[in-house]
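**Q** Below is data-v6.txt; it holds compact mmCIF, C-alpha atoms.
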# COMPACT_ATOMS: atom_id res chain seq x y z
CA MET W 268 8.16 -12.69 30.07
CA ASN W 269 10.58 -14.41 32.48
CA ILE W 270 12.57 -12.38 35.02
CA GLY W 271 15.89 -13.66 33.63
CA SER W 272 15.08 -12.49 30.12
CA LYS W 273 14.18 -9.04 31.46
CA ILE W 274 17.47 -8.80 33.37
CA ARG W 275 19.42 -9.76 30.26
CA PHE W 276 17.55 -7.15 28.22
CA HIS W 277 18.24 -4.32 30.69
CA ARG W 278 21.90 -5.37 31.12
CA GLN W 279 22.44 -5.17 27.38
CA LYS W 280 20.49 -1.90 27.22
CA LYS W 281 22.96 -0.46 29.79
CA ASN W 282 25.93 -1.95 27.89
CA LEU W 283 27.03 -3.87 30.98
CA THR W 284 28.95 -7.12 30.88
CA GLN W 285 27.84 -10.05 33.02
CA GLU W 286 30.90 -9.47 35.20
CA GLU W 287 29.98 -5.82 35.77
CA LEU W 288 26.37 -6.60 36.68
CA SER W 289 27.06 -9.57 38.93
CA LYS W 290 30.09 -8.21 40.83
CA GLY W 291 29.47 -8.34 44.59
CA ILE W 292 25.95 -9.74 44.16
CA ILE W 293 26.14 -13.19 42.58
CA SER W 294 28.63 -15.21 40.54
CA VAL W 295 28.93 -14.76 36.78
CA SER W 296 27.89 -18.39 36.23
CA TYR W 297 24.75 -17.87 38.37
CA LEU W 298 23.85 -14.72 36.41
CA SER W 299 24.30 -16.64 33.16
CA LYS W 300 21.89 -19.33 34.38
CA LEU W 301 19.49 -16.63 35.59
CA GLU W 302 19.48 -14.84 32.23
CA ASN W 303 18.78 -18.15 30.49
CA ASN W 304 15.85 -18.73 32.89
CA GLN W 305 17.45 -21.84 34.39
CA VAL W 306 17.19 -20.59 37.99
CA PHE W 307 14.83 -18.26 39.86
CA PRO W 308 16.62 -15.88 42.28
CA SER W 309 15.43 -14.55 45.61
CA GLU W 310 13.64 -11.20 45.91
CA GLU W 311 16.79 -9.76 47.52
CA ILE W 312 18.97 -10.68 44.52
CA ILE W 313 16.39 -9.32 42.09
CA GLN W 314 16.28 -6.02 44.03
CA LEU W 315 20.08 -5.70 44.06
CA LEU W 316 20.29 -6.38 40.33
CA CYS W 317 17.49 -3.86 39.67
CA GLU W 318 19.37 -1.19 41.63
CA ARG W 319 22.53 -1.75 39.60
CA LEU W 320 20.51 -1.73 36.36
CA GLY W 321 18.79 1.49 37.42
CA VAL W 322 15.27 0.07 37.17
CA SER W 323 12.67 0.18 39.92
CA SER W 324 10.86 -3.08 39.24
CA LEU W 325 10.49 -5.90 36.76
CA GLN W 326 6.79 -6.43 37.48
CA ASN W 327 5.15 -3.18 36.27
CA ASP W 328 1.59 -3.03 34.89
CA GLU W 329 1.91 -2.04 31.22
CA GLN W 330 -1.74 -1.84 30.16
CA GLU W 331 -1.60 1.83 29.09
CA LEU W 332 1.62 1.34 27.15
CA ASN W 333 0.31 -1.79 25.43
CA LYS W 334 -2.85 0.04 24.33
CA LEU W 335 -0.73 2.86 22.88
CA LEU W 336 1.47 0.37 21.05
CA GLU W 337 -1.64 -1.25 19.57
CA LYS W 338 -2.96 2.14 18.42
CA TRP W 339 0.45 3.08 16.99
CA ASN W 340 0.61 -0.19 15.10
CA ARG W 341 -2.85 0.33 13.60
CA SER W 342 -2.07 3.90 12.54
CA LEU W 343 1.10 2.66 10.81
CA LEU W 344 -0.88 -0.10 9.09
CA TRP W 345 -3.45 2.42 7.84
CA LYS W 346 -0.62 4.86 6.98
CA ASP W 347 -2.16 7.57 9.15
CA LEU W 348 1.24 9.18 9.68
CA GLU W 349 -0.01 12.20 11.66
CA ALA W 350 -1.66 9.98 14.26
CA ALA W 351 1.35 7.64 14.21
CA GLU W 352 3.71 10.48 15.14
CA SER W 353 1.47 11.54 18.01
CA TYR W 354 1.27 8.01 19.43
CA HIS W 355 5.01 7.57 18.94
CA ASP W 356 5.80 10.60 21.11
CA GLU W 357 3.58 9.28 23.94
CA ILE W 358 5.07 5.78 23.68
CA LYS W 359 8.66 7.03 23.95
CA LYS W 360 7.83 8.80 27.22
CA LEU W 361 6.23 5.70 28.76
CA LEU W 362 9.02 3.42 27.56
CA ASN W 363 11.49 5.38 29.69
CA GLU W 364 9.38 4.52 32.75
CA THR W 365 8.84 0.81 32.10
CA ASP W 366 11.05 -2.08 33.03
CA ASP W 367 9.01 -4.75 31.23
CA LEU W 368 10.78 -6.47 28.38
CA THR W 369 7.72 -7.38 26.25
CA PRO W 370 6.59 -3.83 25.36
CA GLN W 371 10.22 -2.83 24.84
CA LEU W 372 10.65 -5.60 22.28
CA LEU W 373 7.26 -4.93 20.69
CA TYR W 374 8.22 -1.27 20.30
CA LYS W 375 11.53 -2.18 18.66
CA ILE W 376 9.77 -4.51 16.23
CA LEU W 377 7.00 -2.03 15.39
CA PHE W 378 9.65 0.67 14.95
CA ILE W 379 10.89 -1.39 12.00
CA ARG W 380 7.51 -0.81 10.31
CA TYR W 381 7.96 2.91 11.03
CA GLN W 382 11.44 2.84 9.43
CA LEU W 383 10.16 0.89 6.42
CA ILE W 384 7.49 3.52 5.79
CA HIS W 385 10.25 6.15 5.84
CA SER W 386 12.52 3.97 3.59
CA ASP W 387 15.33 3.89 6.18
CA LEU W 388 16.52 0.46 5.06
CA GLU W 389 19.99 0.62 6.59
CA SER W 390 18.50 1.22 10.05
CA VAL W 391 15.99 -1.59 9.45
CA ARG W 392 18.83 -4.01 8.72
CA THR W 393 20.64 -2.97 11.91
CA ASN W 394 17.53 -3.26 14.10
CA LEU W 395 16.59 -6.66 12.69
CA ALA W 396 20.02 -7.93 13.74
CA ARG W 397 19.56 -6.50 17.24
CA ILE W 398 16.15 -8.08 17.66
CA HIS W 399 17.51 -11.41 16.42
CA SER W 400 19.81 -11.47 19.44
CA HIS W 401 16.64 -11.56 21.60
CA TYR W 402 14.82 -14.06 19.38
CA LYS W 403 14.44 -16.75 22.04
CA GLU W 404 12.73 -14.18 24.28
CA LEU W 405 10.09 -13.35 21.66
CA ASN W 406 6.67 -14.88 22.16
CA ASP W 407 4.77 -16.20 19.14
CA THR W 408 2.98 -12.90 18.50
CA LEU W 409 6.25 -10.96 18.51
CA ARG W 410 7.78 -13.55 16.21
CA PHE W 411 4.90 -12.99 13.79
CA TYR W 412 5.71 -9.28 13.59
CA TYR W 413 9.46 -9.93 13.44
CA HIS W 414 9.24 -12.31 10.47
CA ARG W 415 6.58 -10.20 8.78
CA TYR W 416 8.77 -7.05 8.78
CA LYS W 417 11.85 -9.03 7.91
CA GLY W 418 9.92 -10.19 4.84
CA ASN W 419 9.08 -6.54 4.17
CA TYR W 420 12.77 -5.65 4.36
CA TYR W 421 13.85 -8.41 1.96
CA TYR W 422 11.13 -7.33 -0.47
CA ALA W 423 12.39 -3.74 -0.31
CA VAL W 424 15.97 -4.83 -1.11
CA GLN W 425 14.70 -7.13 -3.89
CA GLN W 426 15.72 -10.43 -2.25
CA TYR W 427 12.40 -12.05 -3.05
CA ASP W 428 13.24 -15.68 -2.22
CA LYS W 429 14.32 -14.65 1.29
CA ALA W 430 11.21 -12.48 1.61
CA LEU W 431 9.00 -15.47 0.78
CA THR W 432 10.73 -17.62 3.42
CA GLU W 433 10.16 -14.97 6.09
CA LEU W 434 6.51 -14.53 5.15
CA LYS W 435 5.92 -18.27 5.46
CA GLU W 436 7.35 -18.08 8.99
CA ALA W 437 5.12 -15.09 9.74
CA GLU W 438 2.07 -17.01 8.52
CA THR W 439 2.90 -19.84 10.92
CA TYR W 440 3.35 -17.53 13.90
CA TYR W 441 0.15 -15.65 13.04
CA VAL W 442 -1.67 -18.86 13.94
CA LEU W 443 0.57 -19.88 16.85
CA GLY W 444 0.44 -16.38 18.35
CA SER W 445 -3.35 -16.20 18.04
CA VAL W 446 -3.12 -12.79 16.37
CA THR W 447 -6.71 -11.57 16.09
CA ASN W 448 -6.16 -8.48 13.93
CA GLU W 449 -7.67 -9.35 10.54
CA GLU W 450 -6.11 -6.27 8.94
CA GLU W 451 -2.67 -7.65 9.79
CA ARG W 452 -3.58 -10.90 8.06
CA ALA W 453 -4.78 -8.99 4.99
CA ASP W 454 -1.56 -6.97 4.94
CA LEU W 455 0.46 -10.20 5.21
CA TYR W 456 -1.43 -11.75 2.28
CA TYR W 457 -0.94 -8.58 0.22
CA LEU W 458 2.81 -8.74 0.78
CA PHE W 459 2.72 -12.45 -0.13
CA SER W 460 1.06 -11.47 -3.40
CA LEU W 461 3.64 -8.76 -4.11
CA VAL W 462 6.54 -11.14 -3.50
CA LEU W 463 5.02 -13.95 -5.56
CA THR W 464 4.41 -11.51 -8.42
CA ARG W 465 8.10 -10.60 -8.36
CA LEU W 466 8.91 -14.30 -8.47
CA ASN W 467 6.62 -14.66 -11.53
CA MET W 468 4.32 -17.03 -9.61
CA TYR W 469 1.21 -15.24 -10.81
CA ARG W 470 -1.52 -17.77 -10.06
CA LEU W 471 -0.39 -18.15 -6.46
CA ALA W 472 -0.07 -14.35 -6.24
CA ILE W 473 -3.70 -14.08 -7.37
CA TYR W 474 -4.76 -16.56 -4.67
CA TYR W 475 -3.18 -14.47 -1.88
CA GLY W 476 -4.32 -11.22 -3.51
CA GLU W 477 -7.95 -12.34 -3.55
CA LYS W 478 -7.75 -13.36 0.13
CA SER W 479 -6.24 -9.99 1.00
CA LEU W 480 -8.87 -8.09 -1.00
CA SER W 481 -11.72 -9.92 0.71
CA ILE W 482 -10.51 -8.82 4.17
CA PHE W 483 -9.75 -5.22 3.16
CA GLN W 484 -13.22 -4.94 1.64
CA GLY W 485 -14.71 -6.22 4.90
CA VAL W 486 -13.07 -3.44 6.93
CA TYR W 487 -13.70 -0.85 4.20
CA PHE W 488 -9.98 -0.04 3.78
CA GLN W 489 -10.39 1.70 0.42
CA GLN W 490 -6.76 2.62 -0.18
CA ARG W 491 -5.58 -0.94 0.25
CA CYS W 492 -8.50 -2.27 -1.82
CA ALA W 493 -7.33 -0.08 -4.70
CA GLU W 494 -3.74 -1.31 -4.31
CA VAL W 495 -4.81 -4.96 -4.33
CA HIS W 496 -7.05 -4.44 -7.38
CA LEU W 497 -4.07 -2.96 -9.23
CA LEU W 498 -1.85 -5.88 -8.25
CA LEU W 499 -4.47 -8.42 -9.32
CA GLY W 500 -4.84 -6.60 -12.63
CA ILE W 501 -1.08 -6.89 -13.19
CA CYS W 502 -1.14 -10.62 -12.41
CA TYR W 503 -4.07 -11.31 -14.73
CA ARG W 504 -2.41 -9.30 -17.50
CA ARG W 505 0.78 -11.32 -17.10
CA ILE W 506 -1.12 -14.58 -17.60
CA ARG W 507 -3.04 -12.97 -20.49
CA TYR W 508 -6.49 -12.86 -18.90
CA SER W 509 -7.15 -9.43 -20.39
CA GLU W 510 -10.82 -9.05 -19.45
CA GLU W 511 -10.19 -9.99 -15.83
CA ALA W 512 -7.22 -7.62 -15.74
CA LEU W 513 -9.34 -4.79 -17.12
CA LYS W 514 -12.01 -5.39 -14.47
CA HIS W 515 -9.48 -4.99 -11.66
CA TYR W 516 -7.83 -1.95 -13.25
CA ASP W 517 -11.22 -0.28 -13.58
CA TRP W 518 -11.97 -0.89 -9.90
CA ALA W 519 -8.52 0.39 -8.88
CA ASN W 520 -9.05 3.48 -11.04
CA PHE W 521 -12.51 4.16 -9.63
CA ILE W 522 -11.45 3.80 -5.99
CA SER W 523 -8.18 5.74 -6.31
CA LYS W 524 -9.96 8.67 -7.99
CA SER W 525 -12.75 8.68 -5.39
CA ILE W 526 -10.22 9.04 -2.53
CA ASN W 527 -7.81 11.32 -4.46
CA TYR W 528 -5.03 8.73 -4.40
CA ASN W 529 -3.19 10.32 -7.34
CA ARG W 530 -0.06 8.23 -7.04
CA LEU W 531 -2.03 5.03 -7.49
CA THR W 532 -4.17 6.57 -10.25
CA SER W 533 -1.00 7.28 -12.20
CA MET W 534 0.10 3.66 -11.77
CA VAL W 535 -3.30 2.41 -12.91
CA GLU W 536 -3.09 4.59 -16.04
CA GLN W 537 0.37 3.16 -16.70
CA ASN W 538 -0.85 -0.42 -16.42
CA LEU W 539 -3.98 0.26 -18.47
CA GLY W 540 -1.58 1.44 -21.15
CA TYR W 541 0.33 -1.84 -20.96
CA LEU W 542 -2.91 -3.80 -21.21
CA LYS W 543 -4.26 -1.81 -24.17
CA SER W 544 -0.92 -2.26 -25.92
CA VAL W 545 -1.16 -6.05 -25.51
CA MET W 546 -4.72 -5.84 -26.88
CA ASN W 547 -3.34 -3.95 -29.93
CA LYS W 548 -5.23 -0.79 -28.98
CA SER W 549 -2.21 1.45 -29.37
CA GLU W 550 -3.99 4.81 -29.50
CA GLU W 551 -5.77 4.08 -26.23
CA ALA W 552 -2.49 2.86 -24.73
CA ILE W 553 -0.76 6.12 -25.69
CA GLN W 554 -3.48 8.22 -24.05
CA HIS W 555 -3.14 6.23 -20.83
CA TYR W 556 0.64 6.74 -20.83
CA LEU W 557 0.28 10.48 -21.39
CA ARG W 558 -2.23 10.78 -18.52
CA SER W 559 0.13 8.80 -16.33
CA ILE W 560 2.97 11.27 -17.01
CA GLU W 561 0.72 14.22 -16.13
CA LEU W 562 -0.13 12.66 -12.76
CA LYS W 563 3.40 11.73 -11.78
CA GLU W 564 4.73 15.26 -11.19
CA SER W 565 7.94 14.77 -9.13
CA ASP W 566 8.00 10.97 -9.45
CA VAL W 567 11.09 10.65 -11.67
CA GLU W 568 11.09 6.86 -11.90
CA GLY W 569 7.36 6.82 -12.60
CA LYS W 570 7.74 9.34 -15.43
CA LEU W 571 10.61 7.30 -16.81
CA ASN W 572 8.44 4.18 -16.91
CA SER W 573 5.74 6.02 -18.86
CA ILE W 574 8.22 7.62 -21.27
CA LEU W 575 9.78 4.23 -21.97
CA ALA W 576 6.33 2.78 -22.63
CA LEU W 577 5.55 5.66 -25.01
CA VAL W 578 8.81 5.15 -26.88
CA LYS W 579 8.00 1.46 -27.34
CA GLU W 580 4.46 2.15 -28.50
CA TYR W 581 5.43 4.88 -30.97
CA TYR W 582 8.25 2.71 -32.33
CA LYS W 583 5.81 -0.16 -32.83
CA LEU W 584 3.62 2.22 -34.87
CA ASN W 585 6.62 3.47 -36.91
CA ARG W 586 5.94 6.99 -35.63
CA PHE W 587 9.62 7.79 -35.42
CA ASN W 588 9.24 11.56 -35.00
CA GLN W 589 7.43 10.90 -31.71
CA VAL W 590 10.14 8.43 -30.73
CA ARG W 591 12.76 11.12 -31.36
CA TYR W 592 10.77 13.56 -29.24
CA TRP W 593 10.41 11.30 -26.18
CA LEU W 594 13.67 9.34 -26.32
CA PRO W 595 16.00 12.17 -25.16
CA LYS W 596 13.51 13.08 -22.41
CA GLY W 597 13.83 9.55 -21.07
CA LEU W 598 17.61 9.32 -21.45
CA ALA W 599 17.97 12.61 -19.54
CA LEU W 600 16.41 10.93 -16.49
CA CYS W 601 18.63 7.85 -16.34
CA SER W 602 22.13 6.43 -16.84
CA LYS W 603 24.10 3.22 -16.29
CA ASP W 604 24.16 4.11 -12.58
CA VAL W 605 20.69 5.69 -12.16
CA PHE W 606 17.81 3.44 -13.26
CA PRO W 607 20.17 1.29 -15.40
CA GLY W 608 17.41 -1.06 -16.59
CA LYS W 609 15.50 1.83 -18.14
CA TYR W 610 18.71 3.30 -19.54
CA TYR W 611 19.56 0.05 -21.36
CA GLN W 612 16.08 -0.26 -22.82
CA LEU W 613 16.02 3.32 -24.09
CA SER W 614 19.54 2.85 -25.48
CA TYR W 615 18.28 -0.06 -27.56
CA TYR W 616 15.74 2.21 -29.22
CA GLN W 617 18.43 4.82 -29.83
CA TYR W 618 20.42 2.17 -31.70
CA ALA W 619 17.28 1.09 -33.55
CA LEU W 620 16.52 4.67 -34.65
CA ASP W 621 20.07 4.94 -36.00
CA ASP W 622 19.62 1.70 -37.97
CA PHE W 623 21.79 -0.41 -35.63
CA PRO W 624 25.24 1.16 -36.13
CA THR W 625 28.60 -0.35 -35.15
CA GLY W 626 28.66 -1.16 -31.46
CA PHE W 627 25.05 -2.34 -31.24
CA GLU W 628 25.83 -6.06 -31.05
CA HIS W 629 28.56 -5.50 -28.46
CA PHE W 630 26.26 -3.32 -26.34
CA MET W 631 23.50 -5.94 -26.39
CA LYS W 632 25.73 -8.91 -25.55
CA GLU W 633 28.02 -7.20 -23.04
CA TYR W 634 25.62 -4.87 -21.25
CA ILE W 635 21.88 -5.22 -21.89
CA LEU W 636 21.38 -8.99 -21.78
CA PRO W 637 23.86 -9.66 -18.92
CA TYR W 638 22.24 -6.92 -16.83
CA PHE W 639 18.74 -8.38 -17.16
CA LYS W 640 19.97 -11.92 -16.57
CA GLU W 641 22.02 -11.04 -13.47
CA ASN W 642 19.15 -9.07 -11.96
CA GLY W 643 16.55 -11.78 -12.49
CA GLU W 644 14.55 -9.73 -15.04
CA GLN W 645 13.50 -12.77 -17.03
CA LEU W 646 10.76 -11.13 -19.09
CA LEU W 647 13.02 -8.25 -20.10
CA TYR W 648 15.81 -10.69 -20.88
CA ALA W 649 13.39 -12.61 -23.12
CA GLU W 650 12.17 -9.41 -24.81
CA TYR W 651 15.62 -8.09 -25.67
CA SER W 652 16.98 -11.51 -26.56
CA LYS W 653 14.13 -11.67 -29.08
CA PHE W 654 15.14 -8.25 -30.44
CA LEU W 655 18.74 -9.40 -30.87
CA GLY W 656 17.53 -12.56 -32.61
CA GLN W 657 15.47 -10.45 -35.01
CA TYR W 658 18.49 -8.25 -35.69
CA TYR W 659 20.56 -11.35 -36.56
CA GLN W 660 17.79 -12.50 -38.88
CA GLY W 661 17.95 -9.16 -40.65
CA VAL W 662 21.69 -9.46 -41.24
CA ARG W 663 21.32 -13.16 -42.21
CA ARG W 664 23.25 -14.61 -39.29
CA TYR W 665 20.70 -17.35 -38.81
CA LYS W 666 22.56 -19.50 -36.31
CA ASN W 667 22.87 -16.59 -33.87
CA ALA W 668 19.26 -15.65 -34.58
CA ALA W 669 18.01 -19.14 -33.79
CA PHE W 670 19.91 -19.20 -30.49
CA HIS W 671 18.46 -15.95 -29.14
CA LEU W 672 14.94 -16.56 -30.43
CA LYS W 673 14.92 -20.00 -28.83
CA GLU W 674 16.10 -18.55 -25.50
CA SER W 675 13.37 -15.95 -25.67
CA ASN W 676 10.60 -18.42 -26.49
CA SER W 677 11.62 -20.84 -23.75
CA ILE W 678 11.34 -18.08 -21.12
CA TYR W 679 7.94 -16.97 -22.39
CA GLU W 680 6.67 -20.55 -22.27
CA GLU W 681 7.97 -20.99 -18.73
CA MET W 682 6.26 -17.78 -17.60
CA LEU W 683 2.92 -18.88 -19.03
CA SER W 684 3.13 -22.21 -17.21
CA LEU W 685 3.62 -20.64 -13.76
Go through the file and emit its structure as structure tokens.

**A**
Amino acid sequence: MNIGSKIRFHRQKKNLTQEELSKGIISVSYLSKLENNQVFPSEEIIQLLCERLGVSSLQNDEQELNKLLEKWNRSLLWKDLEAAESYHDEIKKLLNETDDLTPQLLYKILFIRYQLIHSDLESVRTNLARIHSHYKELNDTLRFYYHRYKGNYYYAVQQYDKALTELKEAETYYVLGSVTNEEERADLYYLFSLVLTRLNMYRLAIYYGEKSLSIFQGVYFQQRCAEVHLLLGICYRRIRYSEEALKHYDWANFISKSINYNRLTSMVEQNLGYLKSVMNKSEEAIQHYLRSIELKESDVEGKLNSILALVKEYYKLNRFNQVRYWLPKGLALCSKDVFPGKYYQLSYYQYALDDFPTGFEHFMKEYILPYFKENGEQLLYAEYSKFLGQYYQGVRRYKNAAFHLKESNSIYEEMLSL
């Protein structure tokens, strides 16, 4: 890293202006050129600037710190949080002693991964903006990590198009930066697959998922193998390859149980229920949903997903007593402000149980359908548009029925073509 970039970094770290740093040493214009690496100052000037910045040198050997950063990064990737905390404490001590810009920037970028794991999204957004101000000082490897975690952030805040753009940049810098960590590449491909699934690009998601799985299997990363198998199962189910989906769900179930990964096991049970429902094996689907609820314990959103699935399955079977049992349990966990998508779906079934009373049509057209459309939930929009079309058929309003059924069918056809 160039001397000028290091000086700029430490000046900003000390909250000094260029005028304050340069006063009595060099001109402001010379400092500006120095920080942009357009000139190379004498040793005397460098020493004077270092003294004002409160740093001893800009040429320190950072081998120990770099090794710790590498270990910290790997522990975060493997989600070994106990080891990560231990490395983090050691790193913070050494950072206070170093004047080198590269490990400082690497730490700030890796700290974003730490914040993502702890779901501190507001701090992630702030730190991404700070790192962007140093973007021209990042080497290709650092740019790989920067774009990769920026993609992570956009995925977490459900801005999937932006996430995909960042991941494409990360993929480029993975090559340019000669990153040799295969686990990082697998993690990048897994995130690609997650984002593409959210964008309903299932075949491309499968392509990246398979590449990710191959690498994780090679390093025997069982937890991530289970996660990728689950994701691949979801993708194959969405494109109606039921047997292939079942194969991946079974592998995800086997691995998650063997390593006591209960959270993932509950998600596998949930998705097995979805698959069995599509295969018209309702009784098996119901058993999977019930097992999923048992495993979810304090996971409110997870329980809500399973309860909603149960309500749908029981309603499909005309087992209305069971619908009446589970429906209030689901509605108690959500509202228009808390898990609104689930609230709107459960509300539909409340209307359906009551034989579609006054207010149903208004609720569908003013709340349910606009919500799914505005939030990019195309499949849910298609599902509930179909329900409204069927309602209109029942009350012999055929023009309205045709409109909503056509909208629903066109979305389903588009999804199958992706």

**Q** As a PyMOL selection string, please: the residues near Tyr541 (chain W) (cut-off 12 Å, all atoms listed in the file, same-chain neighbours under 6 positions excluded).

**A** chain W and resi 500-501+504-505+507+509+512-513+516+534-535+547-556+559+572-573+575-577+579-580

**Q** Give me the residues within 12 Å of Gly608 (chain W) as an mmCIF file with C-alpha atoms, in the frame of the given file, counting all atoms listed in the file and dropping any in the same chain fewer than 2 places off.

**A**
data_model
loop_
_atom_site.group_PDB
_atom_site.id
_atom_site.type_symbol
_atom_site.label_atom_id
_atom_site.label_comp_id
_atom_site.auth_asym_id
_atom_site.auth_seq_id
_atom_site.Cartn_x
_atom_site.Cartn_y
_atom_site.Cartn_z
ATOM 1 C CA GLU W 568 11.090 6.860 -11.900
ATOM 2 C CA LEU W 571 10.610 7.300 -16.810
ATOM 3 C CA ASN W 572 8.440 4.180 -16.910
ATOM 4 C CA LEU W 575 9.780 4.230 -21.970
ATOM 5 C CA LEU W 598 17.610 9.320 -21.450
ATOM 6 C CA CYS W 601 18.630 7.850 -16.340
ATOM 7 C CA SER W 602 22.130 6.430 -16.840
ATOM 8 C CA LYS W 603 24.100 3.220 -16.290
ATOM 9 C CA ASP W 604 24.160 4.110 -12.580
ATOM 10 C CA VAL W 605 20.690 5.690 -12.160
ATOM 11 C CA PHE W 606 17.810 3.440 -13.260
ATOM 12 C CA TYR W 610 18.710 3.300 -19.540
ATOM 13 C CA TYR W 611 19.560 0.050 -21.360
ATOM 14 C CA GLN W 612 16.080 -0.260 -22.820
ATOM 15 C CA LEU W 613 16.020 3.320 -24.090
ATOM 16 C CA SER W 614 19.540 2.850 -25.480
ATOM 17 C CA TYR W 615 18.280 -0.060 -27.560
ATOM 18 C CA TYR W 634 25.620 -4.870 -21.250
ATOM 19 C CA ILE W 635 21.880 -5.220 -21.890
ATOM 20 C CA LEU W 636 21.380 -8.990 -21.780
ATOM 21 C CA PRO W 637 23.860 -9.660 -18.920
ATOM 22 C CA TYR W 638 22.240 -6.920 -16.830
ATOM 23 C CA PHE W 639 18.740 -8.380 -17.160
ATOM 24 C CA LYS W 640 19.970 -11.920 -16.570
ATOM 25 C CA GLU W 641 22.020 -11.040 -13.470
ATOM 26 C CA ASN W 642 19.150 -9.070 -11.960
ATOM 27 C CA GLY W 643 16.550 -11.780 -12.490
ATOM 28 C CA GLU W 644 14.550 -9.730 -15.040
ATOM 29 C CA LEU W 647 13.020 -8.250 -20.100
ATOM 30 C CA TYR W 648 15.810 -10.690 -20.880
ATOM 31 C CA TYR W 651 15.620 -8.090 -25.670
#

**Q** Which is closest to Leu620 (chain W) among W:Leu335, W:Val590, W:Cys492, W:Ile522, if we use only C-alpha atoms?

**A** W:Val590

**Q** Check the smallest atom-to-atom distance from each of W:Lys346, W:Arg452, W:Lys563, W:Arg415 to Leu434 (chain W) using only C-alpha atoms, then report the winner.

**A**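 Among W:Lys346, W:Arg452, W:Lys563, W:Arg415, it is W:Arg415 that comes nearest to Leu434 (chain W).
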
**Q** Please, which residues are within 12 Å of (28.4, -5.4, 34.4) by the file's coordinates, counting only C-alpha atoms, and could they come as a list of chain:residue names?

**A**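 All residues meeting the 12 Å criterion around (28.4, -5.4, 34.4) are W:Ile274, W:Arg275, W:His277, W:Arg278, W:Gln279, W:Lys280, W:Lys281, W:Asn282, W:Leu283, W:Thr284, W:Gln285, W:Glu286, W:Glu287, W:Leu288, W:Ser289, W:Lys290, W:Gly291, W:Ile292, W:Ile293, W:Ser294, W:Val295, W:Leu298, W:Leu316, W:Arg319, W:Leu320.
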
**Q** Just the residues within 12 Å of Arg392 (chain W), please, counting all atoms listed in the file, with nothing from its chain fewer than 2 positions along; format it as a list in words.

**A**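 Skipping anything fewer than 2 positions along the chain leaves Ile376, Ile379, Arg380, Gln382, Leu383, Ser386, Asp387, Leu388, Glu389, Ser390, Asn394, Leu395, Ala396, Arg397, Ile398, His399, Tyr416, Lys417, Gly418, Asn419, Tyr420, Tyr421, Ala423 and Val424 of chain W.
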
**Q** Might you pull out every residue within 10 Å of region 676-680 of chain W, with all atoms listed in the file counted and same-chain residues fewer than 5 positions away left off, and present them as a short mmCIF file (atom, residue, chain, number, x, y, z; two decimals) with C-alpha atoms, in the frame of the given file?

**A**
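Okay, this is what ended up in part_34.cif:
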data_model
loop_
_atom_site.label_atom_id
_atom_site.label_comp_id
_atom_site.auth_asym_id
_atom_site.auth_seq_id
_atom_site.Cartn_x
_atom_site.Cartn_y
_atom_site.Cartn_z
CA GLN W 645 13.50 -12.77 -17.03
CA LEU W 646 10.76 -11.13 -19.09
CA TYR W 648 15.81 -10.69 -20.88
CA ALA W 649 13.39 -12.61 -23.12
CA GLU W 650 12.17 -9.41 -24.81
CA SER W 652 16.98 -11.51 -26.56
CA LYS W 653 14.13 -11.67 -29.08
CA HIS W 671 18.46 -15.95 -29.14
CA LEU W 685 3.62 -20.64 -13.76
#
